[in-house]
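Below is one structure; the comments refer to it alone.
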Protein chains: 2
Amino acid sequence: MNPRPGRPQETTRDSLLAVALRLFAHNGYRGTTIREVTALANANLGAVTYHFGTKEELYRQVLESVLGPLKDRVSAASRLEAPPLDRIEAMVRAIFAHIREHPEMPALMVRELASGQAPHHQILTTFREALPLLVGMIRDGQRDGSIREGDPVLLALSTLAQPIYLNLARPVISRVAGVDPQHGDDSDRIVEHVAATVRAQLGRRP
Amino acid sequence: MNPRPGRPQETTRDSLLAVALRLFAHNGYRGTTIREVTALANANLGAVTYHFGTKEELYRQVLESVLGPLKDRVSAASRLEAPPLDRIEAMVRAIFAHIREHPEMPALMVRELASGQAPHHQILTTFREALPLLVGMIRDGQRDGSIREGDPVLLALSTLAQPIYLNLARPVISRVAGVDPQHGDDSDRIVEHVAATVRAQLGRRP
DNA sequence: TTGACATTCATACGTATGTATGCCAGTAAT
DNA sequence: ATTACTGGCATACATACGTATGAATGTCAA
């Protein structure tokens with residue numbers, strides 16, 4: 001059955017996921033109501049119950065839809081044949097590319113970190129998969145002398161902080177400083193800045 | 001009147017503020033209920049209405065109680081008589097000292113950034129006051145050659161990202177890596193790491 | 001002792017919430 | 001043509017929420 005004759009082929013389920021992603025990221029889990037999600041998705045109030053069963057399961061699938069592709073991108077970057085710093089830069093750029101497609105990812109992630117409690121399973125496994133890759137690359141670089149000494153785990157977190165936080169703060173940047181983050185040019189500027197910053201913060205001083 | 005004969009001198013109002021800070025940071029505004037706050041503060045359900053009028057005003061005062069002292073610390077660090085990189089390091093250490101007293105600050109702040117909408121007035125003015133100080137120090141350093149070139153605003157954000165994100169991710173670090181963030185030693189280790197990282201990411205390569 | 005004031009308390013009210021239920025429309029196979 | 005099935009829809013229900021109200025209690029000055 002063709003569910004929504006207007007847009008090309010998007011099913012109700014997809015609309016729900018897309019809208020829920022936006023709302024969960026902006027307003028949090030408790031701050032997002034099923035009524036709001038279904039209304040914005042032009043769906044019936046019962047649609048979430050029908051397609052996902054519960055609000056909790058909807059949230060879980062939202063996380064999965066965003067974090068799944070991220071893990072793939074990141075691990076692909078880490079398997080490149082290149083010096084450690086180059087692979088790390090590739091990973092950072094992969095994260096940016098992912099965020100460009102899923103702009104709500106940093107907000108979603110950071111909300112989980114802020115909760116204090118154990119984050120959702122999806123987030124935990126993403127960390128458990130991605131962090132060791134980054135830590136491994138940093139160890140490689142420390143071994144060959146291209147990366148400065150220091151706890152590799154902390155260095156990895158300092159690296160991850162850059163793409164996450166810079167993207168998170170973008171709306172505020174434009175409000176406080178004069179940088180307008182709407183245009184793609186600025187987006188590129190930020191990517192280049194972070195790439196250079198990560199190299200600077202990891203690289204060994206000559 | 002002596003409100004709570006058990007603990008030394010804490011008024012109901014203070015308990016409400018303290019409990020609310022914890023809950024707002026962990027569960028967000030909507031995720032925090034007045035019933036939970038008052039119960040954990042051993043106060044009556046009506047206590048928030050009586051002391052603060054509304055939940056919104058309680059939140060506002062929580063933000064103020066945390067952000068007010070932060071602005072003072074930060075601006076004090078920026079007024080030191082020292083080379084730019086040293087003043088920046090002092091500011092980073094000041095932020096860490098503040099977070100040690102108010103561990104919920106990063107979560108509270110980051111939730112506001114994640115909202116996408118205009119953050120609360122308290123947050124905005126904190127940024128408007130603190131960011132120019134940091135940007136100014138970075139400009140000073142670029143002028144005297146101690147700090148590498150690049151957009152000073154982006155460099156400032158990359159600097160702020162370190163203390164905020166590292167503290168935010170601490171609970172997850174312990175769960176994923178082996179770093180146990182409970183003990184003060186680790187806290188010190190993280191401060192030193194961030195201080196070194198900030199210097200590395202800003203400093204001009206010789 | 002009385003009276004004024006500050007605070008605490010129990011309870012009520014209207015609304016918003018997640019979920020359950022039952023009915024209807026369209027499609028595809030028998 | 002009938003049946004079965006998938007998806008959509010309107011509505012109901014119990015609970016949780018923020019806030020309002022008024023009575024009770026304690027403190028202190030006169």
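Chain identifiers are assigned as A, B, and so on, following the order in which chains appear in the structure tokens; residues are numbered from 1 within each chain, and ligands are numbered from 1 in order of appearance.
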| query | Which residues come within 12 Å of Leu21 of chain B, counting only C-alpha atoms (C1' of nucleotides), excluding same-chain residues fewer than 5 positions away, as a list in words? | reply |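 Selected residues are Asp14, Ser15, Leu16, His26, Asn27, Gly28, Tyr29, Thr32, Val37, Leu40, Ala41, Leu58, Tyr59, Arg60, Gln61, Val62, Leu63, Glu64, Ser65, Val66, Leu67, His102, Pro103, Glu104, Met105, Pro106, Ala107, Leu108 and Met109 of chain B.
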Would you mind exporting C-alpha atoms of the selected residues as a compact mmCIF listing (two decimals), in the first residue's frame?
# COMPACT_ATOMS: atom_id res chain seq x y z
CA ASP B 14 19.45 24.74 49.84
CA SER B 15 18.58 21.06 49.79
CA LEU B 16 16.16 21.67 46.96
CA HIS B 26 21.37 13.73 34.97
CA ASN B 27 17.79 13.57 33.73
CA GLY B 28 17.21 16.89 32.03
CA TYR B 29 14.53 19.47 32.69
CA THR B 32 13.10 15.83 36.42
CA VAL B 37 13.20 16.66 43.85
CA LEU B 40 15.02 13.38 47.71
CA ALA B 41 15.36 16.66 49.57
CA LEU B 58 14.05 26.61 40.25
CA TYR B 59 15.97 25.63 37.13
CA ARG B 60 17.04 29.21 36.55
CA GLN B 61 18.44 29.48 40.04
CA VAL B 62 20.22 26.16 39.70
CA LEU B 63 21.95 27.47 36.59
CA GLU B 64 22.83 30.68 38.35
CA SER B 65 24.27 28.91 41.37
CA VAL B 66 26.62 26.95 39.13
CA LEU B 67 27.45 29.44 36.41
CA HIS B 102 30.20 21.21 40.81
CA PRO B 103 30.56 17.85 39.04
CA GLU B 104 27.21 18.28 37.33
CA MET B 105 28.25 21.39 35.44
CA PRO B 106 29.36 19.75 32.17
CA ALA B 107 26.18 17.72 31.93
CA LEU B 108 24.04 20.75 32.62
CA MET B 109 25.87 22.85 30.06
| said: Select, as an NGL selection string, those residues of chain A with any atom no more than 8 Å from chain B (distances computed using only C-alpha atoms). | reply: :A and (25-31 or 106-108 or 110-111 or 113-118 or 124 or 127-128 or 150 or 153-154 or 157-158 or 161-162 or 165-166 or 168-169 or 171-172 or 176-177 or 190 or 193-194 or 197-202 or 205-206)
Create the file for the chosen residues now, containing N, CA and C atoms and written as a compact mmCIF listing (two decimals), in the first residue's frame.
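Saved result, part-v3.txt, follows:
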# COMPACT_ATOMS: atom_id res chain seq x y z
N ALA A 25 16.95 14.09 20.10
CA ALA A 25 18.21 14.81 20.20
C ALA A 25 18.01 16.19 20.80
N HIS A 26 16.96 16.89 20.36
CA HIS A 26 16.77 18.27 20.83
C HIS A 26 16.16 18.33 22.22
N ASN A 27 15.19 17.48 22.48
CA ASN A 27 14.41 17.62 23.72
C ASN A 27 14.64 16.50 24.72
N GLY A 28 15.43 15.51 24.36
CA GLY A 28 15.66 14.41 25.28
C GLY A 28 14.55 13.38 25.25
N TYR A 29 14.79 12.29 25.95
CA TYR A 29 13.80 11.20 25.92
C TYR A 29 12.50 11.62 26.60
N ARG A 30 12.60 12.07 27.83
CA ARG A 30 11.40 12.45 28.55
C ARG A 30 10.75 13.69 27.94
N GLY A 31 11.57 14.53 27.34
CA GLY A 31 11.04 15.75 26.75
C GLY A 31 10.36 15.55 25.41
N PRO A 106 25.61 14.24 17.57
CA PRO A 106 26.31 14.70 18.77
C PRO A 106 25.37 14.96 19.93
N ALA A 107 24.25 15.59 19.67
CA ALA A 107 23.31 15.88 20.76
C ALA A 107 22.81 14.59 21.39
N LEU A 108 22.50 13.63 20.55
CA LEU A 108 21.99 12.35 21.06
C LEU A 108 23.04 11.67 21.94
N VAL A 110 25.71 12.96 23.43
CA VAL A 110 26.10 13.71 24.61
C VAL A 110 25.03 13.64 25.70
N ARG A 111 23.79 13.54 25.30
CA ARG A 111 22.72 13.37 26.28
C ARG A 111 22.89 12.06 27.04
N LEU A 113 25.75 10.56 27.56
CA LEU A 113 26.89 10.72 28.45
C LEU A 113 26.49 11.52 29.68
N ALA A 114 25.60 12.49 29.49
CA ALA A 114 25.22 13.36 30.60
C ALA A 114 24.34 12.64 31.62
N SER A 115 23.75 11.56 31.21
CA SER A 115 22.78 10.91 32.10
C SER A 115 23.43 10.35 33.36
N GLY A 116 24.74 10.17 33.31
CA GLY A 116 25.41 9.68 34.51
C GLY A 116 25.26 8.18 34.67
N GLN A 117 24.07 7.70 34.45
CA GLN A 117 23.85 6.25 34.57
C GLN A 117 24.52 5.54 33.39
N ALA A 118 24.40 4.23 33.42
CA ALA A 118 24.91 3.47 32.30
C ALA A 118 24.18 3.89 31.03
N LEU A 124 27.14 2.19 24.39
CA LEU A 124 28.25 1.48 25.02
C LEU A 124 29.02 0.67 23.99
N PHE A 127 31.13 2.81 21.74
CA PHE A 127 32.38 3.19 22.39
C PHE A 127 33.33 2.01 22.46
N ARG A 128 32.80 0.88 22.86
CA ARG A 128 33.66 -0.29 23.01
C ARG A 128 34.31 -0.72 21.71
N GLY A 150 51.95 9.94 26.42
CA GLY A 150 50.76 10.24 27.20
C GLY A 150 49.81 9.05 27.17
N VAL A 153 44.44 6.34 26.09
CA VAL A 153 42.99 6.47 26.24
C VAL A 153 42.59 7.93 26.38
N LEU A 154 43.33 8.65 27.20
CA LEU A 154 43.01 10.08 27.35
C LEU A 154 43.25 10.83 26.05
N LEU A 157 40.28 10.26 23.88
CA LEU A 157 39.11 11.04 24.26
C LEU A 157 39.27 12.50 23.87
N SER A 158 40.48 13.02 24.03
CA SER A 158 40.71 14.40 23.62
C SER A 158 40.49 14.56 22.13
N ALA A 161 36.72 14.46 21.45
CA ALA A 161 36.06 15.67 21.94
C ALA A 161 35.90 16.71 20.84
N GLN A 162 36.86 16.74 19.91
CA GLN A 162 36.85 17.81 18.92
C GLN A 162 35.64 17.74 17.97
N TYR A 165 32.21 18.06 20.18
CA TYR A 165 31.90 19.34 20.82
C TYR A 165 31.75 20.47 19.80
N LEU A 166 32.63 20.49 18.82
CA LEU A 166 32.54 21.58 17.84
C LEU A 166 31.19 21.57 17.13
N LEU A 168 28.47 20.27 18.33
CA LEU A 168 27.43 20.56 19.31
C LEU A 168 27.30 22.06 19.55
N ALA A 169 28.43 22.71 19.56
CA ALA A 169 28.43 24.12 19.92
C ALA A 169 28.09 25.03 18.74
N PRO A 171 25.47 25.87 16.91
CA PRO A 171 24.41 26.87 16.99
C PRO A 171 24.76 28.02 17.92
N VAL A 172 25.51 27.72 18.96
CA VAL A 172 25.87 28.78 19.90
C VAL A 172 26.96 29.67 19.33
N VAL A 176 26.96 33.72 19.39
CA VAL A 176 27.91 34.49 20.20
C VAL A 176 28.96 35.14 19.32
N ALA A 177 29.62 34.34 18.52
CA ALA A 177 30.60 34.90 17.60
C ALA A 177 29.90 35.13 16.26
N ILE A 190 35.23 24.27 9.52
CA ILE A 190 35.32 23.62 10.82
C ILE A 190 36.02 22.27 10.69
N HIS A 193 39.66 22.89 10.38
CA HIS A 193 40.19 23.34 11.68
C HIS A 193 40.40 22.15 12.61
N VAL A 194 39.40 21.29 12.69
CA VAL A 194 39.51 20.16 13.62
C VAL A 194 40.61 19.20 13.18
N THR A 197 43.74 20.71 14.28
CA THR A 197 43.85 20.72 15.74
C THR A 197 44.20 19.33 16.27
N VAL A 198 43.57 18.32 15.71
CA VAL A 198 43.86 16.97 16.17
C VAL A 198 45.31 16.60 15.88
N ARG A 199 45.77 16.95 14.69
CA ARG A 199 47.19 16.71 14.39
C ARG A 199 48.09 17.43 15.40
N ALA A 200 47.74 18.66 15.70
CA ALA A 200 48.57 19.44 16.62
C ALA A 200 48.57 18.84 18.02
N GLN A 201 47.41 18.37 18.45
CA GLN A 201 47.34 17.94 19.85
C GLN A 201 47.95 16.55 20.04
N LEU A 202 48.05 15.78 18.95
CA LEU A 202 48.63 14.44 19.06
C LEU A 202 50.09 14.40 18.63
N ARG A 205 56.25 17.09 19.02
CA ARG A 205 56.94 18.32 18.59
C ARG A 205 58.30 17.92 18.05
N PRO A 206 58.67 18.51 16.93
CA PRO A 206 59.95 18.14 16.31
C PRO A 206 61.12 18.61 17.15
| task | Using only C-alpha atoms (C1' of nucleotides), determine which residues of chain B fall within 10 Å of chain C; present them as a list of chain:residue names. | result | B:Met1, B:Pro3, B:Thr12, B:Ala43, B:Asn44, B:Leu45, B:Gly46, B:Ala47, B:Tyr50, B:His51
| Interatomic distance, atom CA of Phe52 of chain B to atom C1' of DG26 of chain D (Å, one decimal) |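 Computing it gives 21.6 Å between the two atoms.
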| query | Using only C-alpha atoms (C1' of nucleotides), which chain B residues lie at most 8 Å away from chain D, written as a ChimeraX atom specification? | reply | /B:1,33-34,49,54-55
Output file for the selection above: N, CA and C atoms, as an mmCIF file, in the first residue's frame:
data_model
loop_
_atom_site.group_PDB
_atom_site.id
_atom_site.type_symbol
_atom_site.label_atom_id
_atom_site.label_comp_id
_atom_site.auth_asym_id
_atom_site.auth_seq_id
_atom_site.Cartn_x
_atom_site.Cartn_y
_atom_site.Cartn_z
ATOM 1 N N MET B 1 14.097 29.350 62.306
ATOM 2 C CA MET B 1 13.621 28.006 62.616
ATOM 3 C C MET B 1 14.628 26.982 62.133
ATOM 4 N N THR B 33 11.192 15.589 37.916
ATOM 5 C CA THR B 33 9.884 15.959 38.430
ATOM 6 C C THR B 33 10.031 16.615 39.801
ATOM 7 N N ILE B 34 9.125 17.517 40.046
ATOM 8 C CA ILE B 34 9.126 18.210 41.336
ATOM 9 C C ILE B 34 8.932 17.216 42.469
ATOM 10 N N THR B 49 7.156 25.120 45.030
ATOM 11 C CA THR B 49 6.255 26.245 44.765
ATOM 12 C C THR B 49 6.484 27.352 45.782
ATOM 13 N N THR B 54 7.956 28.453 40.639
ATOM 14 C CA THR B 54 7.728 27.492 39.559
ATOM 15 C C THR B 54 8.968 26.629 39.368
ATOM 16 N N LYS B 55 8.779 25.533 38.660
ATOM 17 C CA LYS B 55 9.890 24.652 38.316
ATOM 18 C C LYS B 55 10.907 25.399 37.448
#
| request: One decimal, Å: what's the distance from atom CA of Ala90 of chain A over to atom CA of Arg139 of chain A, could you say? | output: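 Result for atom CA of Ala90 of chain A versus atom CA of Arg139 of chain A: 16.5 Å, one decimal.
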| task | Pull the helix (DSSP H, G or I) assignments for chain B out of DSSP run on the backbone, and list those residues as a PyMOL selection string. | result | chain B and resi 12-27+34-40+47-52+55-78+84-101+105-114+121-144+152-176+184-202
Go ahead and dump the residues you just picked, C-alpha atoms, as a short mmCIF file (atom, residue, chain, number, x, y, z; two decimals), in the first residue's frame.
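And here's result39.cif as it stands now:
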data_model
loop_
_atom_site.label_atom_id
_atom_site.label_comp_id
_atom_site.auth_asym_id
_atom_site.auth_seq_id
_atom_site.Cartn_x
_atom_site.Cartn_y
_atom_site.Cartn_z
CA THR B 12 15.11 23.33 52.79
CA ARG B 13 15.82 25.81 50.05
CA ASP B 14 19.45 24.74 49.84
CA SER B 15 18.58 21.06 49.79
CA LEU B 16 16.16 21.67 46.96
CA LEU B 17 18.80 23.50 44.96
CA ALA B 18 21.38 20.78 45.52
CA VAL B 19 19.05 17.93 44.66
CA ALA B 20 17.63 19.76 41.68
CA LEU B 21 21.10 20.42 40.31
CA ARG B 22 21.87 16.71 40.38
CA LEU B 23 18.59 15.67 38.81
CA PHE B 24 18.46 18.37 36.14
CA ALA B 25 21.99 17.48 35.07
CA HIS B 26 21.37 13.73 34.97
CA ASN B 27 17.79 13.57 33.73
CA ILE B 34 9.13 18.21 41.34
CA ARG B 35 7.92 15.19 43.22
CA GLU B 36 11.32 13.53 42.85
CA VAL B 37 13.20 16.66 43.85
CA THR B 38 11.15 17.28 46.95
CA ALA B 39 11.21 13.63 47.98
CA LEU B 40 15.02 13.38 47.71
CA ALA B 47 8.25 23.24 48.88
CA VAL B 48 9.33 24.14 45.36
CA THR B 49 6.26 26.24 44.77
CA TYR B 50 6.80 27.99 48.06
CA HIS B 51 10.51 28.71 47.72
CA PHE B 52 10.80 29.20 43.98
CA LYS B 55 9.89 24.65 38.32
CA GLU B 56 11.27 26.96 35.65
CA GLU B 57 12.48 29.44 38.26
CA LEU B 58 14.05 26.61 40.25
CA TYR B 59 15.97 25.63 37.13
CA ARG B 60 17.04 29.21 36.55
CA GLN B 61 18.44 29.48 40.04
CA VAL B 62 20.22 26.16 39.70
CA LEU B 63 21.95 27.47 36.59
CA GLU B 64 22.83 30.68 38.35
CA SER B 65 24.27 28.91 41.37
CA VAL B 66 26.62 26.95 39.13
CA LEU B 67 27.45 29.44 36.41
CA GLY B 68 27.93 32.51 38.55
CA PRO B 69 31.06 31.28 40.36
CA LEU B 70 32.40 29.87 37.10
CA LYS B 71 32.43 33.25 35.40
CA ASP B 72 34.34 34.74 38.32
CA ARG B 73 37.00 32.04 38.29
CA VAL B 74 37.48 32.21 34.56
CA SER B 75 37.81 35.94 34.34
CA ALA B 76 40.25 35.94 37.25
CA ALA B 77 42.48 33.50 35.37
CA SER B 78 42.40 35.62 32.24
CA PRO B 84 49.05 33.91 26.81
CA LEU B 85 49.57 30.15 26.92
CA ASP B 86 50.10 30.28 30.65
CA ARG B 87 46.96 32.31 31.17
CA ILE B 88 45.03 29.86 29.02
CA GLU B 89 46.34 26.95 31.02
CA ALA B 90 45.31 28.77 34.19
CA MET B 91 41.82 29.17 32.78
CA VAL B 92 41.63 25.47 31.96
CA ARG B 93 42.73 24.62 35.48
CA ALA B 94 40.16 27.03 36.86
CA ILE B 95 37.46 25.24 34.91
CA PHE B 96 38.62 21.92 36.32
CA ALA B 97 38.62 23.31 39.84
CA HIS B 98 35.10 24.52 39.32
CA ILE B 99 33.97 21.17 37.98
CA ARG B 100 35.48 19.44 40.97
CA GLU B 101 33.16 21.47 43.17
CA MET B 105 28.25 21.39 35.44
CA PRO B 106 29.36 19.75 32.17
CA ALA B 107 26.18 17.72 31.93
CA LEU B 108 24.04 20.75 32.62
CA MET B 109 25.87 22.85 30.06
CA VAL B 110 25.95 20.26 27.36
CA ARG B 111 22.24 19.60 27.69
CA GLU B 112 21.60 23.22 26.91
CA LEU B 113 23.86 23.06 23.88
CA ALA B 114 22.07 19.94 22.70
CA HIS B 121 19.99 33.31 29.43
CA GLN B 122 22.47 32.20 32.09
CA ILE B 123 24.28 29.97 29.62
CA LEU B 124 24.32 32.56 26.88
CA THR B 125 25.79 35.27 29.05
CA THR B 126 28.37 32.86 30.41
CA PHE B 127 29.49 32.17 26.87
CA ARG B 128 29.32 35.82 25.94
CA GLU B 129 31.58 36.68 28.85
CA ALA B 130 33.97 33.75 28.86
CA LEU B 131 34.50 33.20 25.15
CA PRO B 132 35.81 36.69 24.34
CA LEU B 133 38.31 36.39 27.18
CA LEU B 134 39.68 33.18 25.74
CA VAL B 135 39.59 34.53 22.21
CA GLY B 136 41.49 37.60 23.36
CA MET B 137 44.22 35.51 24.94
CA ILE B 138 44.52 33.46 21.78
CA ARG B 139 44.85 36.63 19.70
CA ASP B 140 47.57 37.84 22.05
CA GLY B 141 49.43 34.60 21.57
CA GLN B 142 49.09 34.75 17.81
CA ARG B 143 50.43 38.27 17.87
CA ASP B 144 53.52 37.37 19.88
CA PRO B 152 40.66 32.33 17.17
CA VAL B 153 37.02 31.50 17.84
CA LEU B 154 37.40 27.93 16.62
CA LEU B 155 40.64 27.57 18.55
CA ALA B 156 38.83 28.76 21.66
CA LEU B 157 36.06 26.22 21.19
CA SER B 158 38.57 23.45 20.67
CA THR B 159 40.13 24.48 23.94
CA LEU B 160 36.86 24.52 25.85
CA ALA B 161 35.97 21.14 24.39
CA GLN B 162 38.72 19.49 26.42
CA PRO B 163 37.65 20.13 30.01
CA ILE B 164 33.95 19.82 29.20
CA TYR B 165 34.09 16.59 27.21
CA LEU B 166 36.72 14.83 29.26
CA ASN B 167 34.72 15.35 32.41
CA LEU B 168 31.51 14.37 30.71
CA ALA B 169 32.97 11.14 29.40
CA ARG B 170 34.57 10.13 32.68
CA PRO B 171 31.88 7.68 33.76
CA VAL B 172 32.09 5.99 30.39
CA ILE B 173 35.86 5.88 30.44
CA SER B 174 35.79 3.72 33.52
CA ARG B 175 33.21 1.46 31.95
CA VAL B 176 35.08 1.01 28.67
CA GLY B 184 41.37 11.89 43.11
CA ASP B 185 44.63 10.69 41.55
CA ASP B 186 42.89 10.03 38.28
CA SER B 187 41.25 13.40 38.51
CA ASP B 188 44.69 14.95 38.74
CA ARG B 189 45.96 12.83 35.88
CA ILE B 190 43.16 14.12 33.69
CA VAL B 191 43.86 17.75 34.58
CA GLU B 192 47.50 17.36 33.68
CA HIS B 193 46.62 15.59 30.47
CA VAL B 194 44.23 18.33 29.40
CA ALA B 195 46.69 21.06 30.30
CA ALA B 196 49.32 19.41 28.10
CA THR B 197 46.83 18.77 25.31
CA VAL B 198 45.64 22.36 25.23
CA ARG B 199 49.20 23.60 25.05
CA ALA B 200 49.91 21.17 22.23
CA GLN B 201 46.86 22.04 20.21
CA LEU B 202 47.38 25.80 20.48
#
